[in-house]
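**Student:** Dropping a structure here in structure tokens format, bear with me for questions.
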Amino acid sequence: MPDKIKEAAAIIKGARSLTAFTGAGISVESGIPPFRGKDGLWSKYDPKFIEIGFFTSDPKTSWAEIKKIFYSSMKSAAPNPAHKALAELERKRMLTGIITQNIDNLHQAAGSKNVLEFHGTVKYLVCTSCGKRFPLAETDLKPDLPSCPACGGLLKPDFVFYGEGINREVYRASLDLASGSDVMLVIGTSGEVMPACGLPVLVKENGGKIIEINTLPSSYTDSITDIYFEEKAGSIMPRIIEEIKALS
């Protein structure tokens, strides 16, 4: 393990453009349950309530589930050492940016600035009528059907529902960031959700290095990963940071 830590630190320190690609696993350490797996949300709840067709036809039921499952579970979550380590790498100008599949805003809460939220965020809502966005903190969620302060239309959480496409600007920015990266940190993702899962592959196809931190092997581990840590990111990332400092 110490040798792998040193190797990973050296690769990161020597990177021309380092990117992080994160998934649910990094936020599990902050108390947010994953969606998939035996303890995931979808083992307890039917995800149909965040299908765009279901939301359109029965927004009252959909909103009731969203409030209970998303806003309740994420309300008290705080950044963990892995989130903070990535923010530190950015402050040191060693990390170009983060592409996250998470919607919990924990990277920003840790201090990261350049974060591409591939699947959107719980921190904003969007009007299904006029398209305006509103911060969650400034929105009244007490009504069964939260309404737009501007036009009175139905509000929807500004994250990607099943049946919706990825925001084109975010998708393009993510492709550009991955294409320009010679090293990618892959943290807490199984690599199974399309189209996000193709981003590390893009880095590898362009000759880049993949450093993976996952508690279980992913679809990347035996195919494109150069260094694999079968550990929690909250324990590995601070050790890598310390080793980078030792190399300075």
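Note on naming: chains are A, B, ... as they come in the structure tokens, residues start from 1 per chain, ligands start from 1 in the order shown.
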Counting only C-alpha atoms, which residues of segment 101-204 of chain A fall within 10 Å of segment 48-65 of chain A, and what is the closest atom pair for each with its distance in Å at one decimal, ordered by chain and rising number, as JSON lines?

**Tutor:**
{"residue": "A:Thr128", "atom": "CA", "partner": "A:Thr56", "partner_atom": "CA", "distance": 9.5}
{"residue": "A:Leu141", "atom": "CA", "partner": "A:Trp63", "partner_atom": "CA", "distance": 9.3}
{"residue": "A:Pro143", "atom": "CA", "partner": "A:Lys60", "partner_atom": "CA", "distance": 9.6}
{"residue": "A:Asp144", "atom": "CA", "partner": "A:Lys60", "partner_atom": "CA", "distance": 6.0}
{"residue": "A:Leu145", "atom": "CA", "partner": "A:Lys60", "partner_atom": "CA", "distance": 5.9}
{"residue": "A:Pro146", "atom": "CA", "partner": "A:Trp63", "partner_atom": "CA", "distance": 8.4}
{"residue": "A:Leu154", "atom": "CA", "partner": "A:Pro59", "partner_atom": "CA", "distance": 8.5}
{"residue": "A:Leu155", "atom": "CA", "partner": "A:Pro59", "partner_atom": "CA", "distance": 9.5}
{"residue": "A:Lys156", "atom": "CA", "partner": "A:Trp63", "partner_atom": "CA", "distance": 8.3}
{"residue": "A:Pro157", "atom": "CA", "partner": "A:Trp63", "partner_atom": "CA", "distance": 9.1}
{"residue": "A:Phe159", "atom": "CA", "partner": "A:Ile50", "partner_atom": "CA", "distance": 9.7}
{"residue": "A:Val160", "atom": "CA", "partner": "A:Ile50", "partner_atom": "CA", "distance": 8.6}
{"residue": "A:Phe161", "atom": "CA", "partner": "A:Ile50", "partner_atom": "CA", "distance": 5.3}
{"residue": "A:Tyr162", "atom": "CA", "partner": "A:Glu51", "partner_atom": "CA", "distance": 4.5}
{"residue": "A:Gly163", "atom": "CA", "partner": "A:Ile52", "partner_atom": "CA", "distance": 5.7}
{"residue": "A:Glu164", "atom": "CA", "partner": "A:Ile52", "partner_atom": "CA", "distance": 6.7}

**Student:** Go ahead and write the selection's residues with N, CA, C and O atoms as a compact mmCIF listing (two decimals), in the first residue's frame.

**Tutor:**
# COMPACT_ATOMS: atom_id res chain seq x y z
N THR A 128 -41.24 24.10 -14.51
CA THR A 128 -41.57 23.32 -15.69
C THR A 128 -42.33 24.16 -16.73
O THR A 128 -42.54 23.70 -17.85
N LEU A 141 -41.14 24.70 0.19
CA LEU A 141 -41.45 23.30 -0.15
C LEU A 141 -42.62 22.76 0.66
O LEU A 141 -42.95 21.58 0.54
N PRO A 143 -45.97 23.37 0.42
CA PRO A 143 -47.12 22.90 -0.36
C PRO A 143 -46.87 21.52 -0.97
O PRO A 143 -45.72 21.14 -1.24
N ASP A 144 -47.95 20.78 -1.19
CA ASP A 144 -47.82 19.47 -1.83
C ASP A 144 -47.18 19.61 -3.21
O ASP A 144 -46.42 18.73 -3.64
N LEU A 145 -47.50 20.70 -3.89
CA LEU A 145 -46.94 20.97 -5.21
C LEU A 145 -46.25 22.33 -5.17
O LEU A 145 -46.90 23.37 -5.36
N PRO A 146 -44.96 22.37 -4.91
CA PRO A 146 -44.23 23.63 -4.87
C PRO A 146 -44.38 24.38 -6.19
O PRO A 146 -44.27 23.78 -7.28
N LEU A 154 -45.44 24.62 -11.99
CA LEU A 154 -44.95 23.53 -11.14
C LEU A 154 -43.43 23.52 -11.11
O LEU A 154 -42.77 23.55 -12.15
N LEU A 155 -42.87 23.45 -9.91
CA LEU A 155 -41.42 23.34 -9.76
C LEU A 155 -41.00 21.88 -9.76
O LEU A 155 -41.73 21.00 -9.29
N LYS A 156 -39.81 21.64 -10.27
CA LYS A 156 -39.21 20.31 -10.30
C LYS A 156 -37.77 20.43 -9.80
O LYS A 156 -37.09 21.40 -10.09
N PRO A 157 -37.29 19.44 -9.03
CA PRO A 157 -35.88 19.47 -8.64
C PRO A 157 -35.00 19.53 -9.88
O PRO A 157 -35.28 18.87 -10.89
N PHE A 159 -32.45 18.16 -10.94
CA PHE A 159 -31.56 17.05 -11.27
C PHE A 159 -32.23 16.19 -12.33
O PHE A 159 -33.43 16.32 -12.59
N VAL A 160 -31.44 15.35 -12.97
CA VAL A 160 -31.91 14.59 -14.12
C VAL A 160 -32.79 13.42 -13.68
O VAL A 160 -32.34 12.54 -12.95
N PHE A 161 -34.03 13.43 -14.14
CA PHE A 161 -34.95 12.33 -13.89
C PHE A 161 -34.73 11.24 -14.95
O PHE A 161 -34.19 11.51 -16.02
N TYR A 162 -35.17 10.02 -14.64
CA TYR A 162 -35.16 8.97 -15.65
C TYR A 162 -36.05 9.41 -16.81
O TYR A 162 -37.16 9.89 -16.60
N GLY A 163 -35.54 9.27 -18.01
CA GLY A 163 -36.29 9.69 -19.18
C GLY A 163 -35.91 11.07 -19.68
O GLY A 163 -36.37 11.49 -20.74
N GLU A 164 -35.07 11.77 -18.91
CA GLU A 164 -34.59 13.08 -19.33
C GLU A 164 -33.16 12.96 -19.85
O GLU A 164 -32.42 12.05 -19.47

**Student:** With only C-alpha atoms as the counted atoms, please give the residues lying no more than 6 Å from segment 15-20 of chain A, apart from itself and same-chain residues fewer than 2 positions off, as a list in words.

**Tutor:**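 Contacts, in chain order: Ile12, Lys13, Leu95, Thr96, Gly97, Ile98, Ser181, Asp182, Val183, Met184 and Leu185 of chain A.
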
**Student:** Give me, as a Markdown table, the closest atom pair and its distance (Å, one decimal) for every residue of segment 147-175 of chain A within a cut-off of 12 Å of segment 191-212 of chain A, counting only C-alpha atoms, rows sorted by chain and rising number.

**Tutor:**
| residue | atom | partner | partner_atom | distance |
| --- | --- | --- | --- | --- |
| A:Tyr162 | CA | A:Val193 | CA | 11.6 |
| A:Gly165 | CA | A:Pro195 | CA | 9.9 |
| A:Ile166 | CA | A:Pro195 | CA | 8.6 |
| A:Asn167 | CA | A:Pro195 | CA | 11.8 |
| A:Val170 | CA | A:Ala196 | CA | 11.0 |
| A:Tyr171 | CA | A:Ala196 | CA | 8.6 |
| A:Arg172 | CA | A:Leu199 | CA | 11.2 |
| A:Ala173 | CA | A:Leu199 | CA | 11.3 |
| A:Ser174 | CA | A:Leu199 | CA | 7.8 |
| A:Leu175 | CA | A:Leu199 | CA | 6.9 |

**Student:** Given the selection you just returned, output its residues as a file containing N, CA and C atoms, formatted as a PDB file, in the first residue's frame.

**Tutor:**
ATOM      1  N   TYR A 162     -35.171  10.021 -14.640  1.00  0.00           N
ATOM      2  CA  TYR A 162     -35.159   8.973 -15.652  1.00  0.00           C
ATOM      3  C   TYR A 162     -36.051   9.407 -16.810  1.00  0.00           C
ATOM      4  N   GLY A 165     -32.777  13.885 -20.695  1.00  0.00           N
ATOM      5  CA  GLY A 165     -31.417  13.912 -21.202  1.00  0.00           C
ATOM      6  C   GLY A 165     -30.499  14.707 -20.301  1.00  0.00           C
ATOM      7  N   ILE A 166     -29.195  14.490 -20.462  1.00  0.00           N
ATOM      8  CA  ILE A 166     -28.196  15.267 -19.727  1.00  0.00           C
ATOM      9  C   ILE A 166     -28.164  16.684 -20.305  1.00  0.00           C
ATOM     10  N   ASN A 167     -27.996  17.666 -19.439  1.00  0.00           N
ATOM     11  CA  ASN A 167     -27.852  19.040 -19.891  1.00  0.00           C
ATOM     12  C   ASN A 167     -26.720  19.124 -20.923  1.00  0.00           C
ATOM     13  N   VAL A 170     -23.453  20.959 -19.849  1.00  0.00           N
ATOM     14  CA  VAL A 170     -22.686  20.192 -18.869  1.00  0.00           C
ATOM     15  C   VAL A 170     -22.018  18.990 -19.535  1.00  0.00           C
ATOM     16  N   TYR A 171     -22.743  18.343 -20.432  1.00  0.00           N
ATOM     17  CA  TYR A 171     -22.199  17.178 -21.133  1.00  0.00           C
ATOM     18  C   TYR A 171     -20.989  17.585 -21.970  1.00  0.00           C
ATOM     19  N   ARG A 172     -21.127  18.681 -22.721  1.00  0.00           N
ATOM     20  CA  ARG A 172     -20.026  19.139 -23.554  1.00  0.00           C
ATOM     21  C   ARG A 172     -18.824  19.554 -22.708  1.00  0.00           C
ATOM     22  N   ALA A 173     -19.088  20.271 -21.614  1.00  0.00           N
ATOM     23  CA  ALA A 173     -17.994  20.698 -20.734  1.00  0.00           C
ATOM     24  C   ALA A 173     -17.284  19.495 -20.107  1.00  0.00           C
ATOM     25  N   SER A 174     -18.055  18.454 -19.772  1.00  0.00           N
ATOM     26  CA  SER A 174     -17.471  17.237 -19.194  1.00  0.00           C
ATOM     27  C   SER A 174     -16.599  16.520 -20.206  1.00  0.00           C
ATOM     28  N   LEU A 175     -17.061  16.441 -21.437  1.00  0.00           N
ATOM     29  CA  LEU A 175     -16.265  15.818 -22.500  1.00  0.00           C
ATOM     30  C   LEU A 175     -14.974  16.594 -22.729  1.00  0.00           C
TER      31      LEU A 175
END

**Student:** Between atom CA of Pro34 of chain A and atom CA of Lys84 of chain A, what is the spacing in Å?

**Tutor:**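 Separation of atom CA of Lys84 of chain A and atom CA of Pro34 of chain A: 19.9 Å.
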
**Student:** Please provide as a CSV table (one decimal) with N, CA and C atoms, in the first residue's frame all residues within 12 Å of Ser27 of chain A, with the sequence filter that same-chain residues fewer than 3 positions apart are discarded (counting only C-alpha atoms).

**Tutor:**
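Writing done, so here's part-v1.csv:
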chain,number,residue,atom,x,y,z
A,22,THR,N,-16.4,11.5,-9.8
A,22,THR,CA,-16.9,10.9,-8.6
A,22,THR,C,-18.3,10.4,-8.7
A,23,GLY,N,-18.7,9.4,-7.9
A,23,GLY,CA,-20.0,8.8,-7.9
A,23,GLY,C,-20.5,8.7,-6.4
A,24,ALA,N,-21.5,7.9,-6.3
A,24,ALA,CA,-22.2,7.8,-5.0
A,24,ALA,C,-21.3,7.4,-3.8
A,30,SER,N,-20.4,10.2,3.8
A,30,SER,CA,-21.0,11.4,4.5
A,30,SER,C,-22.4,11.0,5.0
A,31,GLY,N,-22.8,9.8,4.9
A,31,GLY,CA,-24.1,9.3,5.4
A,31,GLY,C,-25.2,9.3,4.4
A,32,ILE,N,-24.9,9.6,3.1
A,32,ILE,CA,-25.9,9.5,2.1
A,32,ILE,C,-25.9,8.1,1.5
A,33,PRO,N,-27.1,7.5,1.5
A,33,PRO,CA,-27.2,6.1,1.0
A,33,PRO,C,-27.0,6.1,-0.6
A,34,PRO,N,-26.4,5.1,-1.1
A,34,PRO,CA,-26.3,4.9,-2.6
A,34,PRO,C,-27.6,4.6,-3.2
A,35,PHE,N,-27.7,4.7,-4.5
A,35,PHE,CA,-28.9,4.3,-5.1
A,35,PHE,C,-29.0,2.8,-5.4
A,73,SER,N,-32.7,12.9,3.5
A,73,SER,CA,-31.4,12.1,3.6
A,73,SER,C,-30.2,13.0,3.4
A,74,MET,N,-30.3,14.0,2.6
A,74,MET,CA,-29.1,14.9,2.3
A,74,MET,C,-29.0,16.1,3.2
A,77,ALA,N,-26.1,16.0,5.7
A,77,ALA,CA,-24.8,15.5,5.2
A,77,ALA,C,-23.8,16.6,5.1
A,78,ALA,N,-22.5,16.3,5.5
A,78,ALA,CA,-21.4,17.2,5.4
A,78,ALA,C,-20.3,16.6,4.6
A,79,PRO,N,-19.4,17.4,4.0
A,79,PRO,CA,-18.3,16.9,3.3
A,79,PRO,C,-17.4,16.0,4.2
A,80,ASN,N,-16.8,15.0,3.6
A,80,ASN,CA,-15.9,14.1,4.4
A,80,ASN,C,-14.5,14.4,3.9
A,81,PRO,N,-13.5,13.7,4.5
A,81,PRO,CA,-12.1,14.0,4.1
A,81,PRO,C,-11.8,13.8,2.6
A,82,ALA,N,-12.5,13.0,1.9
A,82,ALA,CA,-12.2,12.8,0.5
A,82,ALA,C,-12.7,14.1,-0.3
A,83,HIS,N,-13.8,14.6,0.0
A,83,HIS,CA,-14.3,15.9,-0.6
A,83,HIS,C,-13.3,17.0,-0.3
A,84,LYS,N,-12.8,17.0,1.0
A,84,LYS,CA,-11.9,18.1,1.4
A,84,LYS,C,-10.6,18.0,0.7
A,100,THR,N,-18.9,15.2,-11.4
A,100,THR,CA,-19.6,14.4,-10.4
A,100,THR,C,-20.9,13.9,-10.9
A,101,GLN,N,-21.2,12.6,-10.6
A,101,GLN,CA,-22.6,12.1,-10.8
A,101,GLN,C,-23.5,12.4,-9.7
A,102,ASN,N,-23.0,12.9,-8.6
A,102,ASN,CA,-23.8,13.2,-7.4
A,102,ASN,C,-24.5,14.5,-7.5
A,103,ILE,N,-25.7,14.5,-6.8
A,103,ILE,CA,-26.5,15.7,-6.8
A,103,ILE,C,-26.5,16.4,-5.5
A,104,ASP,N,-25.6,16.1,-4.6
A,104,ASP,CA,-25.7,16.5,-3.2
A,104,ASP,C,-25.0,17.8,-2.8
A,105,ASN,N,-24.2,18.4,-3.7
A,105,ASN,CA,-23.5,19.6,-3.5
A,105,ASN,C,-22.4,19.5,-2.5
A,106,LEU,N,-22.0,18.4,-2.1
A,106,LEU,CA,-20.9,18.2,-1.1
A,106,LEU,C,-19.5,18.7,-1.6
A,107,HIS,N,-19.3,18.6,-2.9
A,107,HIS,CA,-18.0,19.1,-3.4
A,107,HIS,C,-17.9,20.6,-3.2
A,110,ALA,N,-17.4,21.6,0.4
A,110,ALA,CA,-16.0,21.3,0.8
A,110,ALA,C,-15.0,22.4,0.3
A,187,ILE,N,-13.5,8.0,-8.4
A,187,ILE,CA,-13.8,7.7,-6.9
A,187,ILE,C,-15.2,7.4,-6.7
A,188,GLY,N,-15.5,6.2,-6.1
A,188,GLY,CA,-16.8,5.9,-5.7
A,188,GLY,C,-17.9,5.7,-6.7
A,189,THR,N,-17.5,5.1,-7.9
A,189,THR,CA,-18.5,4.9,-8.9
A,189,THR,C,-18.3,3.5,-9.5
A,214,ASN,N,-12.2,2.7,-4.9
A,214,ASN,CA,-13.5,2.1,-4.8
A,214,ASN,C,-13.5,1.0,-3.8
A,232,LYS,N,-11.8,3.0,1.3
A,232,LYS,CA,-12.6,4.2,1.3
A,232,LYS,C,-11.8,5.4,0.9
A,233,ALA,N,-12.4,6.3,0.1
A,233,ALA,CA,-11.7,7.5,-0.4
A,233,ALA,C,-11.3,8.4,0.8
A,234,GLY,N,-12.2,8.4,1.9
A,234,GLY,CA,-11.9,9.2,3.0
A,234,GLY,C,-10.6,8.9,3.7

**Student:** Please measure the separation of atom CA of Ser218 of chain A and atom CA of Gly25 of chain A, giving the value in Å to one decimal.

**Tutor:**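 Value for the atom CA of Ser218 of chain A-atom CA of Gly25 of chain A distance: 11.4 Å.
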
**Student:** Let's see if you can do this: from backbone DSSP, list all strand (DSSP E) residues in segment 29-201 of chain A, as an mmCIF file with C-alpha atoms, in the first residue's frame.

**Tutor:**
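What follows is the written file out.cif:
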data_model
loop_
_atom_site.group_PDB
_atom_site.id
_atom_site.type_symbol
_atom_site.label_atom_id
_atom_site.label_comp_id
_atom_site.auth_asym_id
_atom_site.auth_seq_id
_atom_site.Cartn_x
_atom_site.Cartn_y
_atom_site.Cartn_z
ATOM 1 C CA LEU A 95 -6.805 19.581 -9.905
ATOM 2 C CA THR A 96 -8.379 21.117 -12.999
ATOM 3 C CA GLY A 97 -11.933 20.159 -12.119
ATOM 4 C CA ILE A 98 -14.427 17.607 -10.852
ATOM 5 C CA ILE A 99 -17.076 15.788 -12.843
ATOM 6 C CA THR A 100 -19.578 14.368 -10.374
ATOM 7 C CA VAL A 115 -17.545 21.228 -10.359
ATOM 8 C CA LEU A 116 -19.560 19.854 -13.266
ATOM 9 C CA GLU A 117 -22.749 18.288 -11.901
ATOM 10 C CA GLY A 120 -27.831 18.128 -11.789
ATOM 11 C CA THR A 121 -28.327 19.179 -8.173
ATOM 12 C CA VAL A 122 -30.810 19.130 -5.302
ATOM 13 C CA LYS A 123 -29.780 22.682 -4.403
ATOM 14 C CA TYR A 124 -31.908 24.227 -7.142
ATOM 15 C CA LEU A 125 -35.399 23.820 -8.534
ATOM 16 C CA VAL A 126 -36.569 24.623 -12.041
ATOM 17 C CA CYS A 127 -39.988 25.735 -13.231
ATOM 18 C CA ARG A 133 -34.210 28.291 -11.606
ATOM 19 C CA PHE A 134 -34.521 28.989 -7.898
ATOM 20 C CA PRO A 135 -32.244 28.110 -4.964
ATOM 21 C CA LEU A 155 -41.423 23.341 -9.761
ATOM 22 C CA LYS A 156 -39.206 20.312 -10.305
ATOM 23 C CA PRO A 157 -35.883 19.469 -8.642
ATOM 24 C CA ASP A 158 -33.080 20.491 -10.968
ATOM 25 C CA PHE A 159 -31.563 17.049 -11.268
ATOM 26 C CA VAL A 183 -4.773 11.793 -15.233
ATOM 27 C CA MET A 184 -8.206 11.026 -13.792
ATOM 28 C CA LEU A 185 -9.118 10.126 -10.240
ATOM 29 C CA VAL A 186 -12.118 7.767 -10.341
ATOM 30 C CA ILE A 187 -13.776 7.737 -6.930
#

**Student:** In Å, with one decimal, what is the gap from atom CA of His119 of chain A to atom CA of Ile26 of chain A?

**Tutor:**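 Taking atom CA of His119 of chain A as the start and atom CA of Ile26 of chain A as the end point, the length is 15.4 Å.
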
**Student:** What parts of segment 87-161 of chain A does DSSP call helix (DSSP H, G or I)? I'd like the answer as a ChimeraX atom specification.

**Tutor:** /A:87-91,106-110,136-138

**Student:** Just the residues within 9 Å of Leu247 of chain A, please, counting only C-alpha atoms, with nothing from its chain fewer than 4 positions along; format it as a PyMOL selection string.

**Tutor:** chain A and resi 6+9-10+13+242-243
